[in-house]
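In what follows, a structure is listed as structure tokens, so that the remarks can point back to it.
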Amino acid sequence: MTSGVPLEADAREMGFDPERLAKIAPFFNRYVDEQRLPGYFLSVSRRGKVVYTAQYGHADKEAGRPVSDDAIWRIYSMTKAITSVAVMMLAEEGAFDLFADAGKWIPSLREPRVYVGGSAAAPQTVPAIRPVQIHHLLSHTAGLTYGFNYLHPVDEIYRQKGYAWGAPKDRDLAGAVEDWCTSPLLFQPGDAWNYSVSVDVLGRLVELWSGQTLDEFFRQRILDPLGMNDTDWSCPPEKIDRLAQLYIPVNGVATASVKGGAGATRWPRLLGGGGGLVSTAGDYNRFMAMLLNGGRANGHQFLAPGTIELMTQNHLPNDTDLESFATDGFSEDSAAGVGFGLGFSVITDRRKSKTLATNGTFAWGGAAMTGFWVDPTEEITAGFFTQLLPSSTYPVRRQFQQLVYAALVD
């Protein structure tokens, strides 16, 4: 284990047992030594201070380039948390109400139809009994889906339109939103939870509400003020030597996915709110610290504390959890005792979830096995970064959380 970013606080003074923290690196080093992961970087902070980091293995095995603390990672769906913050910033400015009908701004959502039977080629639909509201999009209860889910005829409709993994080359965000929102919904809005392109739709709404492109809004309102200088929609040429390679498991061995990883070096035509950013562990730690600190960082108040509190409460009906309300197995993690807020998963019952994290801990992850969580009670933020698709290959995020809390003694 080698240290990455400089530690900002003594672990023992921050309530951690250093000897127990020291067990984290060897655990994940075995993943690398057994060739299941190419390499990783992880960090743990408490009360805004970094208390532990570890890194091991390669950012690019083929080039012989080791993981560095400034490595640039594809964070995929960890983009969603940033988009959700952007949405709520505009909510605070009165751009919309959470109960507002998204069809007010997205014409193809004004009269949505809901799948009730048939095939992808000939779906049977009925009118939605209620509008798709903004809070439905934030909480993945709108009835939208992903083409890569392979669970439902509507998933196939998305694939037929070119949305299996990625999008047609000629489609920008506005065009993609039109394609998705003219497809049937999986269920009546608000009746279930399904991981979906809903946050991409929100990205388009950010553009319409703000009058800026999504990248402009992110840069001016979030990334630059937070000092997230290495976070963007692609990795520029001058930073390519810091970009981690993307891997897939082949017979249990992390194998380079050269074609799949190349997209991070090109500016995308479709800037989606649900994925697409590259970032560093340090950059994302700044974002997490802002969330933990009641929306404040670097002299900026990005969100009011009450807004963050609202976002990180469970918004599933009747305070149910994802195990009973989700239509799909969206993650390798347990869904028992885990609800969903406005952009984040939220632990609602640590006993059911069988986790050491406290109730109210919120989190999310990315397709290449990156992940983060924020625990407001214990004032902990933590991030794990690697590049292996898909995220369900190994339960590293849950294991990381378990090891961190085992070291928390005060």
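Quick note on naming: the chains in the structure tokens go A, B, ... in the order shown, residues restart at 1 in each chain, and ligands are numbered from 1 in order of appearance.
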
Contacts of range 337-350 of chain A at 8 Å (only C-alpha atoms; same-chain gap of 3+ positions) as a ChimeraX atom specification = /A:80-81,84,135,138-139,310-316,319-323,334,353-364

Go ahead and write the residues just picked, N, CA and C atoms, as an mmCIF file, in the first residue's frame.
```cif
data_model
loop_
_atom_site.group_PDB
_atom_site.id
_atom_site.type_symbol
_atom_site.label_atom_id
_atom_site.label_comp_id
_atom_site.auth_asym_id
_atom_site.auth_seq_id
_atom_site.Cartn_x
_atom_site.Cartn_y
_atom_site.Cartn_z
ATOM 1 N N LYS A 80 -24.634 11.175 -12.229
ATOM 2 C CA LYS A 80 -26.023 11.432 -11.836
ATOM 3 C C LYS A 80 -26.127 12.291 -10.582
ATOM 4 N N ALA A 81 -25.243 12.070 -9.625
ATOM 5 C CA ALA A 81 -25.299 12.857 -8.394
ATOM 6 C C ALA A 81 -25.044 14.333 -8.683
ATOM 7 N N SER A 84 -28.098 15.791 -10.338
ATOM 8 C CA SER A 84 -29.163 15.990 -9.351
ATOM 9 C C SER A 84 -28.935 17.258 -8.545
ATOM 10 N N HIS A 135 -40.083 15.012 -9.618
ATOM 11 C CA HIS A 135 -39.574 14.138 -8.556
ATOM 12 C C HIS A 135 -39.540 12.682 -9.005
ATOM 13 N N LEU A 138 -36.155 12.357 -10.743
ATOM 14 C CA LEU A 138 -35.053 12.343 -9.769
ATOM 15 C C LEU A 138 -34.958 11.026 -9.017
ATOM 16 N N SER A 139 -36.087 10.360 -8.833
ATOM 17 C CA SER A 139 -36.113 9.142 -8.008
ATOM 18 C C SER A 139 -36.238 7.865 -8.832
ATOM 19 N N LEU A 310 -33.474 17.044 2.121
ATOM 20 C CA LEU A 310 -34.600 16.526 1.348
ATOM 21 C C LEU A 310 -34.130 15.519 0.302
ATOM 22 N N MET A 311 -33.043 15.820 -0.387
ATOM 23 C CA MET A 311 -32.533 14.945 -1.433
ATOM 24 C C MET A 311 -32.114 13.589 -0.900
ATOM 25 N N THR A 312 -31.670 13.542 0.337
ATOM 26 C CA THR A 312 -31.083 12.325 0.895
ATOM 27 C C THR A 312 -32.011 11.614 1.864
ATOM 28 N N GLN A 313 -33.314 11.911 1.766
ATOM 29 C CA GLN A 313 -34.327 11.130 2.453
ATOM 30 C C GLN A 313 -34.971 10.175 1.459
ATOM 31 N N ASN A 314 -35.619 9.137 1.952
ATOM 32 C CA ASN A 314 -36.245 8.162 1.085
ATOM 33 C C ASN A 314 -37.529 8.732 0.484
ATOM 34 N N HIS A 315 -37.612 8.753 -0.850
ATOM 35 C CA HIS A 315 -38.790 9.271 -1.529
ATOM 36 C C HIS A 315 -39.644 8.171 -2.147
ATOM 37 N N LEU A 316 -39.346 6.910 -1.860
ATOM 38 C CA LEU A 316 -40.188 5.833 -2.357
ATOM 39 C C LEU A 316 -41.499 5.817 -1.564
ATOM 40 N N ASP A 319 -42.430 4.773 2.302
ATOM 41 C CA ASP A 319 -41.100 4.526 2.870
ATOM 42 C C ASP A 319 -40.631 3.092 2.627
ATOM 43 N N THR A 320 -41.031 2.537 1.482
ATOM 44 C CA THR A 320 -40.615 1.190 1.134
ATOM 45 C C THR A 320 -39.143 1.182 0.734
ATOM 46 N N ASP A 321 -38.597 0.000 0.442
ATOM 47 C CA ASP A 321 -37.199 -0.078 0.010
ATOM 48 C C ASP A 321 -37.121 -0.623 -1.405
ATOM 49 N N LEU A 322 -35.921 -0.577 -1.958
ATOM 50 C CA LEU A 322 -35.725 -0.986 -3.346
ATOM 51 C C LEU A 322 -35.951 -2.483 -3.546
ATOM 52 N N GLU A 323 -35.736 -3.264 -2.514
ATOM 53 C CA GLU A 323 -35.958 -4.702 -2.648
ATOM 54 C C GLU A 323 -37.409 -4.995 -3.025
ATOM 55 N N SER A 334 -27.003 -5.276 -1.866
ATOM 56 C CA SER A 334 -28.328 -5.615 -1.379
ATOM 57 C C SER A 334 -29.242 -4.399 -1.474
ATOM 58 N N SER A 353 -30.470 -3.996 5.765
ATOM 59 C CA SER A 353 -29.404 -3.885 4.777
ATOM 60 C C SER A 353 -28.161 -4.664 5.169
ATOM 61 N N LYS A 354 -28.097 -5.046 6.446
ATOM 62 C CA LYS A 354 -26.928 -5.798 6.966
ATOM 63 C C LYS A 354 -25.635 -5.030 6.705
ATOM 64 N N THR A 355 -25.675 -3.747 7.056
ATOM 65 C CA THR A 355 -24.511 -2.900 6.848
ATOM 66 C C THR A 355 -24.096 -2.243 8.146
ATOM 67 N N LEU A 356 -22.837 -1.873 8.235
ATOM 68 C CA LEU A 356 -22.338 -1.140 9.394
ATOM 69 C C LEU A 356 -22.540 0.361 9.239
ATOM 70 N N ALA A 357 -22.891 0.802 8.043
ATOM 71 C CA ALA A 357 -23.148 2.229 7.821
ATOM 72 C C ALA A 357 -24.433 2.628 8.540
ATOM 73 N N THR A 358 -24.556 3.898 8.869
ATOM 74 C CA THR A 358 -25.708 4.354 9.634
ATOM 75 C C THR A 358 -26.894 4.673 8.722
ATOM 76 N N ASN A 359 -28.077 4.654 9.300
ATOM 77 C CA ASN A 359 -29.253 5.093 8.555
ATOM 78 C C ASN A 359 -29.043 6.534 8.095
ATOM 79 N N GLY A 360 -29.461 6.817 6.882
ATOM 80 C CA GLY A 360 -29.267 8.148 6.315
ATOM 81 C C GLY A 360 -28.028 8.258 5.448
ATOM 82 N N THR A 361 -27.183 7.222 5.446
ATOM 83 C CA THR A 361 -26.021 7.233 4.554
ATOM 84 C C THR A 361 -26.511 7.180 3.109
ATOM 85 N N PHE A 362 -26.003 8.080 2.273
ATOM 86 C CA PHE A 362 -26.429 8.105 0.873
ATOM 87 C C PHE A 362 -25.246 7.855 -0.038
ATOM 88 N N ALA A 363 -25.547 7.339 -1.238
ATOM 89 C CA ALA A 363 -24.470 6.822 -2.071
ATOM 90 C C ALA A 363 -24.922 6.657 -3.509
ATOM 91 N N TRP A 364 -23.963 6.382 -4.356
ATOM 92 C CA TRP A 364 -24.209 5.840 -5.692
ATOM 93 C C TRP A 364 -22.884 5.399 -6.285
#
```

message = With distances taken over only C-alpha atoms, which residue among A:Ile380, A:Arg204, A:Thr386, A:Asp33 lies nearest Met14 in chain A?
response =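 With only C-alpha atoms as the atom set, the closest residue is A:Ile380.
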
request  = Using DSSP on the backbone coordinates, identify the residues of range 25-124 of chain A assigned to strand (DSSP E); present them as an NGL selection string.
outcome  = :A and (39-46 or 49-60 or 65-66 or 73-74 or 113-118 or 123-124)

task = Find the residues around Pro225 in chain A up to 12 Å (only C-alpha atoms counted), leave out those fewer than 4 positions away in its own chain, and share them as a list of chain:residue names.
result = A:Phe217, A:Phe218, A:Arg219, A:Gln220, A:Arg221, A:Asn229, A:Asp283, A:Arg286, A:Phe287, A:Met290, A:Arg296, A:Ala297, A:Asn298, A:Gly299, A:His300, A:Gln301, A:Phe302

Go ahead and save the residues from that selection, with N, CA and C atoms, as a compact mmCIF listing (two decimals), in the first residue's frame.
```txt
# COMPACT_ATOMS: atom_id res chain seq x y z
N PHE A 217 -23.27 24.72 -17.76
CA PHE A 217 -23.84 24.85 -16.42
C PHE A 217 -22.96 24.15 -15.39
N PHE A 218 -22.56 22.93 -15.69
CA PHE A 218 -21.69 22.20 -14.77
C PHE A 218 -20.41 22.99 -14.49
N ARG A 219 -19.78 23.46 -15.55
CA ARG A 219 -18.48 24.13 -15.40
C ARG A 219 -18.62 25.41 -14.59
N GLN A 220 -19.60 26.24 -14.92
CA GLN A 220 -19.72 27.54 -14.27
C GLN A 220 -20.31 27.47 -12.87
N ARG A 221 -21.25 26.56 -12.66
CA ARG A 221 -21.99 26.57 -11.41
C ARG A 221 -21.50 25.55 -10.39
N ASN A 229 -11.10 20.55 -11.27
CA ASN A 229 -10.44 20.95 -12.52
C ASN A 229 -10.18 19.80 -13.47
N ASP A 283 -11.06 15.23 -7.06
CA ASP A 283 -12.17 16.07 -7.49
C ASP A 283 -13.48 15.60 -6.87
N ARG A 286 -14.01 16.48 -3.30
CA ARG A 286 -14.47 17.85 -3.09
C ARG A 286 -15.99 17.93 -3.19
N PHE A 287 -16.54 17.21 -4.14
CA PHE A 287 -17.99 17.19 -4.30
C PHE A 287 -18.66 16.56 -3.09
N MET A 290 -18.63 18.84 -0.06
CA MET A 290 -19.66 19.88 -0.15
C MET A 290 -21.00 19.35 0.32
N ARG A 296 -22.06 23.69 1.34
CA ARG A 296 -21.11 24.82 1.31
C ARG A 296 -19.68 24.32 1.09
N ALA A 297 -18.95 25.04 0.24
CA ALA A 297 -17.53 24.73 0.00
C ALA A 297 -16.89 25.92 -0.71
N ASN A 298 -15.64 26.19 -0.38
CA ASN A 298 -14.86 27.25 -1.04
C ASN A 298 -15.57 28.60 -1.03
N GLY A 299 -16.28 28.87 0.05
CA GLY A 299 -16.97 30.15 0.15
C GLY A 299 -18.25 30.24 -0.65
N HIS A 300 -18.67 29.14 -1.29
CA HIS A 300 -19.90 29.10 -2.08
C HIS A 300 -20.95 28.27 -1.35
N GLN A 301 -22.19 28.72 -1.39
CA GLN A 301 -23.31 27.92 -0.90
C GLN A 301 -24.01 27.35 -2.12
N PHE A 302 -23.67 26.11 -2.46
CA PHE A 302 -24.21 25.50 -3.67
C PHE A 302 -25.68 25.12 -3.49
```

ask   = Taking into account only C-alpha atoms, which residue in the set A:Arg74, A:Val116, A:Pro376, A:Phe27 is nearest to Ala262 in chain A?
value = A:Arg74

Would you pick out the contacts of Val201 in chain A at 12 Å or less, using only C-alpha atoms, so that residues sharing its chain but fewer than 2 positions from it are not included, and give the list as a CSV table (one decimal) with N, CA and C atoms, in the first residue's frame?
```csv
chain,number,residue,atom,x,y,z
A,80,LYS,N,-24.6,11.2,-12.2
A,80,LYS,CA,-26.0,11.4,-11.8
A,80,LYS,C,-26.1,12.3,-10.6
A,83,THR,N,-25.6,15.9,-11.6
A,83,THR,CA,-26.8,16.4,-12.3
A,83,THR,C,-27.9,16.7,-11.3
A,84,SER,N,-28.1,15.8,-10.3
A,84,SER,CA,-29.2,16.0,-9.4
A,84,SER,C,-28.9,17.3,-8.5
A,87,VAL,N,-29.9,20.1,-10.8
A,87,VAL,CA,-31.4,20.2,-10.8
A,87,VAL,C,-31.9,21.0,-9.6
A,102,ALA,N,-43.3,17.2,-16.1
A,102,ALA,CA,-42.1,17.4,-17.0
A,102,ALA,C,-42.6,17.7,-18.4
A,103,GLY,N,-43.8,17.3,-18.8
A,103,GLY,CA,-44.3,17.6,-20.1
A,103,GLY,C,-44.5,19.1,-20.4
A,105,TRP,N,-42.1,21.1,-20.3
A,105,TRP,CA,-40.9,21.5,-21.0
A,105,TRP,C,-40.5,20.4,-22.0
A,106,ILE,N,-40.9,19.2,-21.9
A,106,ILE,CA,-40.6,18.1,-22.8
A,106,ILE,C,-41.9,17.7,-23.5
A,108,SER,N,-42.8,15.6,-25.7
A,108,SER,CA,-43.1,14.2,-25.8
A,108,SER,C,-43.5,13.5,-24.5
A,109,LEU,N,-43.5,14.2,-23.4
A,109,LEU,CA,-44.0,13.7,-22.2
A,109,LEU,C,-45.3,14.2,-21.8
A,132,VAL,N,-45.8,12.6,-15.6
A,132,VAL,CA,-44.4,12.3,-15.2
A,132,VAL,C,-43.9,13.6,-14.5
A,133,GLN,N,-43.8,13.6,-13.2
A,133,GLN,CA,-43.4,14.8,-12.5
A,133,GLN,C,-41.9,14.8,-12.3
A,134,ILE,N,-41.4,16.0,-11.9
A,134,ILE,CA,-39.9,16.1,-11.8
A,134,ILE,C,-39.4,15.2,-10.7
A,136,HIS,N,-40.4,12.3,-10.0
A,136,HIS,CA,-40.3,11.0,-10.5
A,136,HIS,C,-39.0,10.8,-11.3
A,137,LEU,N,-38.6,11.8,-12.0
A,137,LEU,CA,-37.3,11.7,-12.7
A,137,LEU,C,-36.1,11.6,-11.8
A,138,LEU,N,-36.2,12.4,-10.7
A,138,LEU,CA,-35.1,12.3,-9.8
A,138,LEU,C,-35.0,11.0,-9.0
A,140,HIS,N,-36.1,7.9,-10.1
A,140,HIS,CA,-36.2,6.8,-11.0
A,140,HIS,C,-37.5,6.1,-10.9
A,142,ALA,N,-40.2,7.2,-12.8
A,142,ALA,CA,-41.0,7.8,-13.9
A,142,ALA,C,-41.5,6.7,-14.9
A,144,LEU,N,-39.3,5.2,-17.1
A,144,LEU,CA,-38.3,5.1,-18.1
A,144,LEU,C,-37.4,4.0,-17.9
A,145,THR,N,-36.5,3.6,-18.8
A,145,THR,CA,-35.6,2.5,-18.6
A,145,THR,C,-34.3,2.7,-19.3
A,172,ASP,N,-28.0,14.1,-30.3
A,172,ASP,CA,-27.6,14.9,-29.2
A,172,ASP,C,-28.6,14.7,-28.1
A,173,LEU,N,-28.4,15.4,-27.0
A,173,LEU,CA,-29.3,15.1,-25.8
A,173,LEU,C,-30.7,15.3,-26.1
A,174,ALA,N,-31.0,16.4,-26.8
A,174,ALA,CA,-32.4,16.7,-27.2
A,174,ALA,C,-33.0,15.6,-28.0
A,175,GLY,N,-32.3,15.1,-29.0
A,175,GLY,CA,-32.8,14.1,-29.8
A,175,GLY,C,-33.0,12.8,-29.1
A,176,ALA,N,-32.1,12.5,-28.2
A,176,ALA,CA,-32.2,11.2,-27.4
A,176,ALA,C,-33.4,11.3,-26.5
A,177,VAL,N,-33.6,12.4,-25.8
A,177,VAL,CA,-34.8,12.6,-25.0
A,177,VAL,C,-36.1,12.4,-25.8
A,178,GLU,N,-36.1,12.9,-27.0
A,178,GLU,CA,-37.3,12.6,-27.8
A,178,GLU,C,-37.5,11.1,-28.1
A,179,ASP,N,-36.4,10.4,-28.4
A,179,ASP,CA,-36.5,9.0,-28.6
A,179,ASP,C,-37.0,8.2,-27.4
A,180,TRP,N,-36.4,8.6,-26.2
A,180,TRP,CA,-36.8,7.9,-25.0
A,180,TRP,C,-38.3,8.2,-24.6
A,181,CYS,N,-38.6,9.4,-24.7
A,181,CYS,CA,-39.9,9.9,-24.2
A,181,CYS,C,-41.1,9.6,-25.2
A,196,SER,N,-32.8,4.0,-14.9
A,196,SER,CA,-33.2,4.5,-16.2
A,196,SER,C,-32.4,5.8,-16.6
A,197,VAL,N,-32.8,6.2,-17.8
A,197,VAL,CA,-32.3,7.4,-18.4
A,197,VAL,C,-32.9,8.7,-17.9
A,198,SER,N,-33.7,8.6,-16.8
A,198,SER,CA,-34.4,9.7,-16.3
A,198,SER,C,-33.5,10.9,-15.9
A,199,VAL,N,-32.3,10.6,-15.4
A,199,VAL,CA,-31.4,11.7,-15.1
A,199,VAL,C,-30.8,12.4,-16.3
A,203,GLY,N,-31.0,16.2,-17.3
A,203,GLY,CA,-29.9,17.0,-17.9
A,203,GLY,C,-30.4,17.9,-19.0
A,204,ARG,N,-31.3,17.4,-19.8
A,204,ARG,CA,-31.9,18.3,-20.8
A,204,ARG,C,-32.8,19.4,-20.2
A,205,LEU,N,-33.5,19.1,-19.1
A,205,LEU,CA,-34.3,20.1,-18.4
A,205,LEU,C,-33.4,21.1,-17.8
A,206,VAL,N,-32.2,20.8,-17.3
A,206,VAL,CA,-31.2,21.8,-16.8
A,206,VAL,C,-30.9,22.8,-17.9
A,207,GLU,N,-30.7,22.2,-19.2
A,207,GLU,CA,-30.4,23.1,-20.3
A,207,GLU,C,-31.6,24.1,-20.6
A,208,LEU,N,-32.8,23.5,-20.6
A,208,LEU,CA,-34.0,24.3,-20.9
A,208,LEU,C,-34.2,25.4,-19.8
A,214,LEU,N,-25.5,21.7,-20.9
A,214,LEU,CA,-25.2,21.1,-19.6
A,214,LEU,C,-23.8,21.2,-19.2
A,270,LEU,N,-23.5,13.6,-27.4
A,270,LEU,CA,-24.6,13.5,-26.4
A,270,LEU,C,-24.0,13.7,-25.0
A,271,LEU,N,-24.3,14.9,-24.4
A,271,LEU,CA,-23.9,15.2,-23.1
A,271,LEU,C,-25.1,14.8,-22.2
A,272,GLY,N,-25.0,13.6,-21.6
A,272,GLY,CA,-26.2,13.1,-20.8
A,272,GLY,C,-26.0,13.4,-19.3
A,273,GLY,N,-27.0,13.7,-18.7
A,273,GLY,CA,-26.9,13.9,-17.2
A,273,GLY,C,-26.8,12.7,-16.4
A,274,GLY,N,-27.0,11.5,-17.1
A,274,GLY,CA,-26.9,10.2,-16.4
A,274,GLY,C,-25.6,9.6,-16.4
A,275,GLY,N,-24.6,10.1,-17.2
A,275,GLY,CA,-23.3,9.5,-17.3
A,275,GLY,C,-22.4,10.2,-18.2
```
